[in-house]
file structure13.txt (compact mmCIF, C-alpha atoms)
# COMPACT_ATOMS: atom_id res chain seq x y z
CA MET A 1 -14.94 -7.83 -0.10
CA ASP A 2 -14.17 -11.26 1.34
CA SER A 3 -13.10 -11.96 4.88
CA SER A 4 -9.77 -10.66 6.16
CA PRO A 5 -6.91 -10.67 5.53
CA HIS A 6 -7.30 -8.83 2.23
CA GLN A 7 -4.62 -9.09 -0.39
CA VAL A 8 -3.14 -6.53 -2.74
CA SER A 9 -5.13 -8.12 -5.57
CA ASP A 10 -8.35 -7.01 -3.83
CA VAL A 11 -7.59 -3.30 -4.04
CA MET A 12 -4.99 -2.75 -6.77
CA THR A 13 -5.62 -0.91 -10.03
CA HIS A 14 -5.44 -3.32 -12.97
CA ALA A 15 -5.44 -0.79 -15.82
CA VAL A 16 -1.97 0.73 -15.60
CA VAL A 17 -0.17 3.27 -17.76
CA ALA A 18 3.53 2.53 -18.25
CA VAL A 19 6.46 3.52 -20.44
CA GLY A 20 9.31 1.74 -22.18
CA ARG A 21 13.00 2.25 -21.49
CA LYS A 22 13.42 4.46 -24.61
CA THR A 23 10.47 6.76 -23.88
CA LEU A 24 11.56 10.40 -24.09
CA PHE A 25 11.41 12.91 -21.23
CA LYS A 26 8.63 15.05 -22.69
CA ASP A 27 6.50 12.00 -23.47
CA ILE A 28 6.90 10.86 -19.85
CA VAL A 29 5.71 14.21 -18.51
CA GLU A 30 2.79 14.27 -20.92
CA ARG A 31 1.72 10.76 -19.89
CA MET A 32 1.86 11.63 -16.19
CA GLU A 33 -0.26 14.71 -16.81
CA GLU A 34 -2.76 12.88 -18.99
CA TRP A 35 -3.28 10.03 -16.51
CA LYS A 36 -2.91 12.16 -13.37
CA VAL A 37 -0.27 9.91 -11.83
CA SER A 38 2.96 10.78 -10.04
CA ALA A 39 4.91 7.67 -11.05
CA LEU A 40 5.11 5.22 -13.95
CA PRO A 41 6.51 1.69 -14.23
CA VAL A 42 9.17 1.22 -16.89
CA LEU A 43 8.69 -1.98 -18.87
CA GLU A 44 10.83 -4.14 -21.08
CA GLY A 45 10.04 -6.96 -23.48
CA ASP A 46 6.95 -8.90 -22.41
CA GLY A 47 5.96 -6.39 -19.76
CA ARG A 48 8.63 -7.06 -17.19
CA VAL A 49 9.13 -4.16 -14.77
CA ILE A 50 12.72 -2.91 -14.85
CA GLY A 51 12.31 0.38 -13.02
CA VAL A 52 9.99 3.12 -11.83
CA LEU A 53 9.86 6.76 -12.88
CA SER A 54 8.54 9.27 -10.36
CA GLU A 55 8.18 13.03 -10.42
CA ALA A 56 11.21 13.17 -8.14
CA ASP A 57 13.28 11.55 -10.90
CA LEU A 58 12.23 14.29 -13.33
CA LEU A 59 12.61 17.38 -11.15
CA PRO A 60 16.44 17.63 -11.27
CA LYS A 61 16.18 18.77 -14.89
CA GLU A 62 14.32 21.89 -13.70
CA GLU A 63 16.32 22.28 -10.48
CA PHE A 64 19.67 22.44 -12.24
CA ARG A 65 18.49 24.19 -15.38
CA ASP A 66 20.21 27.52 -14.71
CA SER A 67 22.60 26.60 -11.89
CA ASP A 68 26.30 25.84 -11.84
CA PRO A 69 26.74 23.64 -8.75
CA ASP A 70 30.00 23.78 -6.86
CA ARG A 71 32.28 20.79 -6.44
CA VAL A 72 30.76 19.70 -3.14
CA THR A 73 27.26 19.78 -4.57
CA GLN A 74 28.41 17.89 -7.64
CA LEU A 75 29.79 15.09 -5.49
CA ARG A 76 26.80 15.03 -3.14
CA ARG A 77 24.16 15.21 -5.87
CA LEU A 78 25.87 13.18 -8.58
CA PRO A 79 22.85 10.93 -9.32
CA ASP A 80 20.54 13.95 -9.55
CA LEU A 81 22.95 15.79 -11.83
CA ALA A 82 23.03 12.75 -14.10
CA LYS A 83 19.23 12.77 -14.26
CA ALA A 84 19.26 16.51 -15.01
CA GLY A 85 20.99 15.72 -18.30
CA ALA A 86 18.97 12.60 -19.10
CA VAL A 87 16.43 12.39 -21.92
CA ARG A 88 15.16 8.78 -21.85
CA ALA A 89 13.32 6.70 -19.26
CA GLU A 90 16.23 4.27 -18.85
CA GLU A 91 18.47 7.18 -17.78
CA LEU A 92 15.91 8.63 -15.39
CA MET A 93 14.27 5.65 -13.73
CA SER A 94 14.96 4.33 -10.26
CA THR A 95 16.12 0.74 -10.47
CA PRO A 96 15.68 -1.96 -9.35
CA ALA A 97 11.98 -1.26 -8.99
CA VAL A 98 10.37 -1.66 -5.58
CA THR A 99 7.48 -4.03 -6.30
CA VAL A 100 4.95 -6.26 -4.56
CA HIS A 101 3.09 -9.44 -5.48
CA ALA A 102 -0.68 -9.63 -5.83
CA ASP A 103 -1.00 -12.18 -3.02
CA ALA A 104 0.81 -9.98 -0.48
CA THR A 105 -1.32 -8.74 2.39
CA LEU A 106 -2.22 -5.08 2.66
CA ALA A 107 -0.07 -4.85 5.78
CA GLU A 108 2.94 -6.16 3.86
CA ALA A 109 2.38 -3.63 1.07
CA ALA A 110 2.00 -0.79 3.57
CA ARG A 111 5.22 -1.87 5.30
CA ILE A 112 7.14 -1.83 2.00
CA MET A 113 5.83 1.63 1.15
CA ALA A 114 6.83 2.98 4.56
CA LEU A 115 10.29 1.44 4.60
CA ARG A 116 11.13 2.39 1.00
CA HIS A 117 9.42 5.82 1.12
CA VAL A 118 7.28 5.27 -1.96
CA LYS A 119 3.64 6.19 -2.61
CA ARG A 120 2.76 3.37 -4.98
CA LEU A 121 4.04 -0.07 -5.92
CA PRO A 122 3.93 -1.95 -9.23
CA VAL A 123 2.25 -5.31 -8.68
CA VAL A 124 4.18 -8.02 -10.50
CA SER A 125 3.96 -11.75 -11.16
CA SER A 126 6.64 -14.22 -10.05
CA GLU A 127 8.37 -13.50 -13.39
CA GLY A 128 8.33 -9.74 -12.75
CA VAL A 129 5.60 -9.01 -15.31
CA LEU A 130 3.37 -6.04 -14.50
CA GLU A 131 -0.13 -6.97 -13.27
CA GLY A 132 -1.26 -3.68 -11.75
CA VAL A 133 -0.38 -0.88 -9.36
CA VAL A 134 -1.30 -0.39 -5.71
CA SER A 135 -1.20 3.05 -4.09
CA ARG A 136 -1.51 4.39 -0.57
CA GLY A 137 -5.09 5.34 -1.39
CA ASP A 138 -5.84 1.78 -2.51
CA LEU A 139 -4.65 0.42 0.83
CA LEU A 140 -7.05 2.76 2.64
CA LYS A 141 -10.06 1.38 0.76
CA VAL A 142 -10.56 -1.26 3.46
CA PHE A 143 -11.69 1.49 5.82
CA LEU A 144 -14.68 2.05 3.54
CA ARG A 145 -16.12 -1.33 4.49
CA PRO A 146 -19.63 -0.97 5.98
CA ASP A 147 -19.94 -1.34 9.75
CA SER A 148 -22.45 -4.13 9.25
CA GLU A 149 -19.97 -6.08 7.13
CA LEU A 150 -17.27 -5.71 9.77
CA ALA A 151 -19.64 -6.81 12.52
CA ASP A 152 -20.68 -9.88 10.54
CA GLU A 153 -17.06 -10.89 9.99
CA ILE A 154 -16.11 -10.38 13.64
CA ARG A 155 -19.11 -12.38 14.80
CA ARG A 156 -18.64 -15.20 12.30
CA ASP A 157 -14.85 -15.60 12.19
CA ILE A 158 -13.85 -14.61 15.72
CA VAL A 159 -16.63 -14.59 18.30
CA ASP A 160 -18.40 -17.76 17.17
CA VAL A 161 -15.08 -19.60 16.92
CA LEU A 162 -13.52 -18.44 20.19
CA PHE A 163 -16.69 -18.54 22.26
CA PRO A 164 -18.99 -21.32 21.01
CA ALA A 165 -20.71 -21.52 24.42
CA PRO A 166 -20.36 -18.21 26.26
CA ILE A 167 -21.71 -17.76 29.77
CA GLU A 168 -23.72 -14.81 28.50
CA PRO A 169 -24.52 -13.81 24.91
CA ILE A 170 -21.72 -11.84 23.28
CA HIS A 171 -22.81 -8.76 21.41
CA VAL A 172 -20.80 -7.20 18.58
CA MET A 173 -21.43 -3.63 17.50
CA VAL A 174 -19.40 -1.62 15.02
CA THR A 175 -19.82 2.15 14.76
CA ASP A 176 -17.65 4.24 12.43
CA GLY A 177 -15.19 1.36 12.25
CA VAL A 178 -14.83 0.97 16.03
CA ALA A 179 -15.80 -2.52 17.21
CA THR A 180 -17.37 -2.95 20.64
CA LEU A 181 -17.66 -6.41 22.22
CA THR A 182 -19.78 -7.02 25.33
CA GLY A 183 -20.63 -10.20 27.20
CA ARG A 184 -19.25 -12.74 29.68
CA VAL A 185 -16.92 -15.62 28.84
CA GLY A 186 -15.25 -18.44 30.73
CA ASP A 187 -11.56 -18.06 29.91
CA PRO A 188 -9.93 -14.69 30.75
CA ALA A 189 -7.02 -15.38 28.37
CA GLN A 190 -9.44 -15.36 25.46
CA VAL A 191 -10.44 -11.77 26.17
CA ASP A 192 -7.01 -10.47 25.16
CA LEU A 193 -6.92 -12.87 22.21
CA ALA A 194 -10.29 -11.64 20.98
CA THR A 195 -9.09 -8.04 21.18
CA ARG A 196 -6.00 -8.82 19.10
CA LEU A 197 -7.97 -10.74 16.49
CA VAL A 198 -10.63 -8.05 16.12
CA ARG A 199 -7.93 -5.40 15.78
CA GLY A 200 -6.51 -7.45 12.90
CA VAL A 201 -9.72 -7.34 10.87
CA GLU A 202 -9.14 -5.18 7.80
CA GLY A 203 -11.20 -2.02 8.10
CA VAL A 204 -11.45 -1.95 11.88
CA VAL A 205 -10.37 1.44 13.22
CA GLY A 206 -10.35 0.59 16.91
CA VAL A 207 -11.54 -1.97 19.48
CA ASP A 208 -13.48 -1.44 22.67
CA CYS A 209 -13.46 -4.86 24.30
CA ARG A 210 -15.82 -4.98 27.27
CA LEU A 211 -15.83 -8.75 27.64
CA THR A 212 -15.54 -10.02 31.19
CA ALA A 213 -14.35 -13.42 32.37
CA ALA A 214 -16.31 -15.67 34.70
CA ASP A 215 -13.64 -15.58 37.41
CA ALA A 216 -13.15 -11.80 37.18
CA VAL A 217 -13.96 -10.03 40.44

call {"tool": "encode", "arguments": {"input": "structure13.txt", "output": "structure tokens"}}
result
Amino acid sequence: MDSSPHQVSDVMTHAVVAVGRKTLFKDIVERMEEWKVSALPVLEGDGRVIGVLSEADLLPKEEFRDSDPDRVTQLRRLPDLAKAGAVRAEELMSTPAVTVHADATLAEAARIMALRHVKRLPVVSSEGVLEGVVSRGDLLKVFLRPDSELADEIRRDIVDVLFPAPIEPIHVMVTDGVATLTGRVGDPAQVDLATRLVRGVEGVVGVDCRLTAADAV
């Protein structure tokens, strides 16, 4: 991987299974089972994403199969009851689709997932055409970066830039994703800045900043 920040395009899945708006219920279930996915983008025309189908959209058909909900439940669960009687993707899908662009940062994608309570996001172009899918698991791939790679990035992009002439050599060590910085610098304000910047490196799990400033007692 390149230096941080990483973008969605770095980790997303490009080969994506999708369905059209007229795809039938059973075909949707079969496709989910075949591809081992819990959600599918719904496409129209030239591949534009118009909705997303998740397992949650399909479950009402089973939930209400043999039940006769009372009036209160009917009012409270009206959208689910409508899906219970649906047979095509366009009747079942959640729309508008919650999507993300390929050039979004991983933090932005994670924020969207958390706020919208979704496990995966279709990745679309500026015209809304499907380019891939990014999942929670994809976003966690950055934590698989080797410790040596993280240390090189921290040293090159942060330490060498912030401290071109340190009072004492600054050592960077990364173990199991935790970055440790030791050494002596001239400006105490840069110690906090270095900590924040290292914490922002994709793949860093934690920071143990042991840098001391020249005027520190």

call {"tool": "closest_residue", "arguments": {"input": "structure13.txt", "among": "A:Met93, A:Leu181, A:Ala189, A:Leu144", "to": "Glu202 in chain A", "atoms": "all atoms listed in the file"}}
result
A:Leu144

call {"tool": "residues_near_point", "arguments": {"input": "structure13.txt", "point": "(2.6, 3.3, -22.2)", "cutoff": "12 Å", "atoms": "only C-alpha atoms", "output": "ChimeraX atom specification"}}
result
/A:15-24,27-32,34-35,40-44,47,89

call {"tool": "write_last_selection", "arguments": {"input": "structure13.txt", "atoms": "C-alpha atoms", "output": "mmCIF file, keeping the file's coordinate frame"}}
result
data_model
loop_
_atom_site.group_PDB
_atom_site.id
_atom_site.type_symbol
_atom_site.label_atom_id
_atom_site.label_comp_id
_atom_site.auth_asym_id
_atom_site.auth_seq_id
_atom_site.Cartn_x
_atom_site.Cartn_y
_atom_site.Cartn_z
ATOM 1 C CA ALA A 15 -5.440 -0.790 -15.820
ATOM 2 C CA VAL A 16 -1.970 0.730 -15.600
ATOM 3 C CA VAL A 17 -0.170 3.270 -17.760
ATOM 4 C CA ALA A 18 3.530 2.530 -18.250
ATOM 5 C CA VAL A 19 6.460 3.520 -20.440
ATOM 6 C CA GLY A 20 9.310 1.740 -22.180
ATOM 7 C CA ARG A 21 13.000 2.250 -21.490
ATOM 8 C CA LYS A 22 13.420 4.460 -24.610
ATOM 9 C CA THR A 23 10.470 6.760 -23.880
ATOM 10 C CA LEU A 24 11.560 10.400 -24.090
ATOM 11 C CA ASP A 27 6.500 12.000 -23.470
ATOM 12 C CA ILE A 28 6.900 10.860 -19.850
ATOM 13 C CA VAL A 29 5.710 14.210 -18.510
ATOM 14 C CA GLU A 30 2.790 14.270 -20.920
ATOM 15 C CA ARG A 31 1.720 10.760 -19.890
ATOM 16 C CA MET A 32 1.860 11.630 -16.190
ATOM 17 C CA GLU A 34 -2.760 12.880 -18.990
ATOM 18 C CA TRP A 35 -3.280 10.030 -16.510
ATOM 19 C CA LEU A 40 5.110 5.220 -13.950
ATOM 20 C CA PRO A 41 6.510 1.690 -14.230
ATOM 21 C CA VAL A 42 9.170 1.220 -16.890
ATOM 22 C CA LEU A 43 8.690 -1.980 -18.870
ATOM 23 C CA GLU A 44 10.830 -4.140 -21.080
ATOM 24 C CA GLY A 47 5.960 -6.390 -19.760
ATOM 25 C CA ALA A 89 13.320 6.700 -19.260
#

call {"tool": "closest_atom_pairs", "arguments": {"input": "structure13.txt", "of": "range 70-90 of chain A", "to": "range 49-53 of chain A", "cutoff": "12 Å", "atoms": "all atoms listed in the file", "output": "CSV"}}
result
residue,atom,partner,partner_atom,distance
A:Lys83,CA,A:Leu53,CA,11.2
A:Arg88,CA,A:Leu53,CA,10.6
A:Ala89,CA,A:Leu53,CA,7.3
A:Glu90,CA,A:Gly51,CA,8.0

call {"tool": "closest_residue", "arguments": {"input": "structure13.txt", "among": "A:Pro122, A:Pro164, A:Pro169, A:Pro188", "to": "Thr212 in chain A", "atoms": "only C-alpha atoms"}}
result
A:Pro188

call {"tool": "closest_residue", "arguments": {"input": "structure13.txt", "among": "A:Val100, A:Leu162, A:Leu193, A:Ala107", "to": "Leu121 in chain A", "atoms": "only C-alpha atoms"}}
result
A:Val100

call {"tool": "closest_residue", "arguments": {"input": "structure13.txt", "among": "A:Asp157, A:Val123, A:Pro166, A:Arg210", "to": "Thr180 in chain A", "atoms": "all atoms listed in the file"}}
result
A:Arg210

call {"tool": "residues_around", "arguments": {"input": "structure13.txt", "residues": "range 5-10 of chain A", "least_positions_apart": "4", "cutoff": "10 Å", "atoms": "all atoms listed in the file", "output": "list in words"}}
result
Met1, His14, Val100, His101, Ala102, Asp103, Ala104, Thr105, Leu106, Ala107, Glu108, Ala109, Ala110, Val123, Glu131, Gly132, Val133, Val134, Ser135, Asp138, Leu139, Lys141, Val142, Gly200, Val201, Glu202 and Gly203 of chain A

call {"tool": "residues_around", "arguments": {"input": "structure13.txt", "residues": "Val87 in chain A", "least_positions_apart": "4", "cutoff": "8 Å", "atoms": "only C-alpha atoms", "output": "PyMOL selection string"}}
result
chain A and resi 24-25+91-92

call {"tool": "residues_around", "arguments": {"input": "structure13.txt", "residues": "range 72-79 of chain A", "least_positions_apart": "3", "cutoff": "10 Å", "atoms": "all atoms listed in the file", "output": "list in words"}}
result
Asp57, Pro60, Asp68, Pro69, Ala82, Lys83, Ala84 and Leu92 of chain A

call {"tool": "closest_residue", "arguments": {"input": "structure13.txt", "among": "A:Ile170, A:Asp152, A:Thr99, A:Asp66", "to": "Glu127 in chain A", "atoms": "all atoms listed in the file"}}
result
A:Thr99

call {"tool": "atom_distance", "arguments": {"input": "structure13.txt", "atom1": "CA of Ser54 in chain A", "atom2": "CA of Val129 in chain A"}}
result
19.2 Å

call {"tool": "closest_residue", "arguments": {"input": "structure13.txt", "among": "A:Phe64, A:Val198, A:Ile167, A:Leu130", "to": "Arg184 in chain A", "atoms": "only C-alpha atoms"}}
result
A:Ile167

call {"tool": "atom_distance", "arguments": {"input": "structure13.txt", "atom1": "CA of Val205 in chain A", "atom2": "CA of Thr175 in chain A"}}
result
9.6 Å

call {"tool": "residues_around", "arguments": {"input": "structure13.txt", "residues": "His171 in chain A", "least_positions_apart": "4", "cutoff": "12 Å", "atoms": "only C-alpha atoms", "output": "list in words"}}
result
Ala151, Asp152, Ile154, Arg155, Arg156, Val159, Asp160, Phe163, Pro166, Ala179, Thr180, Leu181, Thr182, Gly183, Arg184, Val185, Asp208, Cys209, Arg210 and Leu211 of chain A

call {"tool": "axis_aligned_box", "arguments": {"input": "structure13.txt", "around": "range 50-60 of chain A", "padding_each_side": "5 Å", "output": "lines of an AutoDock Vina configuration file"}}
result
center_x = 12.3
center_y = 7.4
center_z = -11.5
size_x = 18.3
size_y = 30.5
size_z = 16.7

call {"tool": "decode", "arguments": {"input": "structure13.txt", "residues": "range 47-171 of chain A", "atoms": "C-alpha atoms", "output": "short mmCIF file (atom, residue, chain, number, x, y, z; two decimals), in the first residue's frame"}}
result
data_model
loop_
_atom_site.label_atom_id
_atom_site.label_comp_id
_atom_site.auth_asym_id
_atom_site.auth_seq_id
_atom_site.Cartn_x
_atom_site.Cartn_y
_atom_site.Cartn_z
CA GLY A 47 -25.07 0.27 -14.02
CA ARG A 48 -26.37 3.13 -11.94
CA VAL A 49 -27.09 2.15 -8.33
CA ILE A 50 -30.72 2.83 -7.42
CA GLY A 51 -30.96 0.87 -4.18
CA VAL A 52 -29.52 -1.82 -1.96
CA LEU A 53 -31.05 -5.16 -0.96
CA SER A 54 -29.99 -6.64 2.37
CA GLU A 55 -31.04 -9.74 4.24
CA ALA A 56 -33.03 -7.46 6.53
CA ASP A 57 -35.15 -6.42 3.53
CA LEU A 58 -35.97 -10.07 2.80
CA LEU A 59 -36.71 -11.35 6.30
CA PRO A 60 -40.21 -9.80 6.68
CA LYS A 61 -41.53 -12.35 4.18
CA GLU A 62 -40.63 -15.13 6.65
CA GLU A 63 -41.52 -13.12 9.76
CA PHE A 64 -45.08 -12.43 8.66
CA ARG A 65 -45.66 -15.69 6.80
CA ASP A 66 -48.15 -17.17 9.26
CA SER A 67 -49.03 -14.14 11.39
CA ASP A 68 -52.00 -11.80 11.38
CA PRO A 69 -50.63 -8.57 12.89
CA ASP A 70 -52.95 -6.34 14.86
CA ARG A 71 -53.75 -2.79 13.86
CA VAL A 72 -50.98 -1.25 15.96
CA THR A 73 -48.38 -3.55 14.46
CA GLN A 74 -49.69 -2.86 10.98
CA LEU A 75 -49.22 0.87 11.47
CA ARG A 76 -45.84 0.52 13.16
CA ARG A 77 -44.44 -2.03 10.69
CA LEU A 78 -46.07 -0.81 7.49
CA PRO A 79 -42.83 -0.79 5.42
CA ASP A 80 -41.96 -4.31 6.59
CA LEU A 81 -45.45 -5.57 5.83
CA ALA A 82 -45.15 -4.16 2.33
CA LYS A 83 -41.87 -6.02 1.86
CA ALA A 84 -43.47 -9.22 3.17
CA GLY A 85 -45.74 -9.19 0.13
CA ALA A 86 -43.10 -8.06 -2.36
CA VAL A 87 -41.67 -10.30 -5.09
CA ARG A 88 -39.25 -8.07 -7.03
CA ALA A 89 -36.07 -6.21 -6.09
CA GLU A 90 -37.63 -2.79 -6.74
CA GLU A 91 -40.30 -3.54 -4.11
CA LEU A 92 -37.82 -4.85 -1.56
CA MET A 93 -34.79 -2.60 -1.86
CA SER A 94 -33.83 0.23 0.46
CA THR A 95 -33.64 3.47 -1.49
CA PRO A 96 -31.93 5.83 -1.99
CA ALA A 97 -28.82 3.71 -1.66
CA VAL A 98 -26.19 4.72 0.88
CA THR A 99 -23.02 4.89 -1.23
CA VAL A 100 -19.46 6.18 -1.15
CA HIS A 101 -16.97 7.39 -3.76
CA ALA A 102 -13.69 5.62 -4.50
CA ASP A 103 -11.62 8.64 -3.48
CA ALA A 104 -13.20 8.86 -0.01
CA THR A 105 -10.87 8.13 2.88
CA LEU A 106 -11.30 4.99 4.94
CA ALA A 107 -12.28 7.15 7.90
CA GLU A 108 -15.07 8.75 5.86
CA ALA A 109 -16.36 5.34 4.77
CA ALA A 110 -16.26 4.03 8.34
CA ARG A 111 -18.16 7.11 9.53
CA ILE A 112 -20.90 6.57 6.92
CA MET A 113 -21.26 2.92 7.90
CA ALA A 114 -21.54 3.79 11.58
CA LEU A 115 -24.02 6.62 11.13
CA ARG A 116 -26.23 4.74 8.65
CA HIS A 117 -25.92 1.34 10.39
CA VAL A 118 -24.81 -0.55 7.29
CA LYS A 119 -22.14 -3.24 6.89
CA ARG A 120 -21.10 -2.48 3.32
CA LEU A 121 -21.30 0.38 0.85
CA PRO A 122 -21.57 0.37 -2.95
CA VAL A 123 -18.72 2.42 -4.39
CA VAL A 124 -20.02 4.65 -7.17
CA SER A 125 -18.69 7.16 -9.70
CA SER A 126 -19.82 10.79 -9.81
CA GLU A 127 -22.65 9.62 -12.11
CA GLY A 128 -23.76 6.96 -9.60
CA VAL A 129 -22.42 4.03 -11.64
CA LEU A 130 -21.27 1.03 -9.61
CA GLU A 131 -17.47 0.64 -9.37
CA GLY A 132 -17.17 -1.79 -6.47
CA VAL A 133 -18.20 -2.52 -2.90
CA VAL A 134 -16.41 -1.78 0.37
CA SER A 135 -17.23 -3.70 3.55
CA ARG A 136 -16.32 -3.39 7.20
CA GLY A 137 -13.78 -6.15 6.68
CA ASP A 138 -12.20 -4.22 3.81
CA LEU A 139 -11.71 -1.18 6.04
CA LEU A 140 -9.86 -3.34 8.57
CA LYS A 141 -7.31 -4.49 5.98
CA VAL A 142 -5.08 -1.53 6.85
CA PHE A 143 -4.32 -3.18 10.19
CA LEU A 144 -2.61 -5.98 8.28
CA ARG A 145 0.15 -3.63 7.18
CA PRO A 146 3.59 -4.92 8.31
CA ASP A 147 5.17 -3.17 11.29
CA SER A 148 8.23 -2.39 9.18
CA GLU A 149 6.07 -0.63 6.59
CA LEU A 150 4.39 1.47 9.27
CA ALA A 151 7.74 2.39 10.81
CA ASP A 152 9.13 3.44 7.43
CA GLU A 153 6.13 5.67 6.77
CA ILE A 154 6.27 7.28 10.22
CA ARG A 155 9.98 7.92 9.88
CA ARG A 156 9.79 9.26 6.33
CA ASP A 157 6.57 11.29 6.38
CA ILE A 158 6.44 12.50 9.98
CA VAL A 159 9.70 12.29 11.92
CA ASP A 160 12.03 13.43 9.15
CA VAL A 161 9.69 16.30 8.28
CA LEU A 162 8.93 17.53 11.80
CA PHE A 163 12.41 17.00 13.21
CA PRO A 164 15.03 17.55 10.49
CA ALA A 165 17.68 18.36 13.13
CA PRO A 166 16.77 16.74 16.45
CA ILE A 167 18.90 17.25 19.53
CA GLU A 168 19.21 13.49 19.81
CA PRO A 169 18.43 10.81 17.21
CA ILE A 170 14.75 9.90 17.12
CA HIS A 171 14.02 6.21 17.05
#
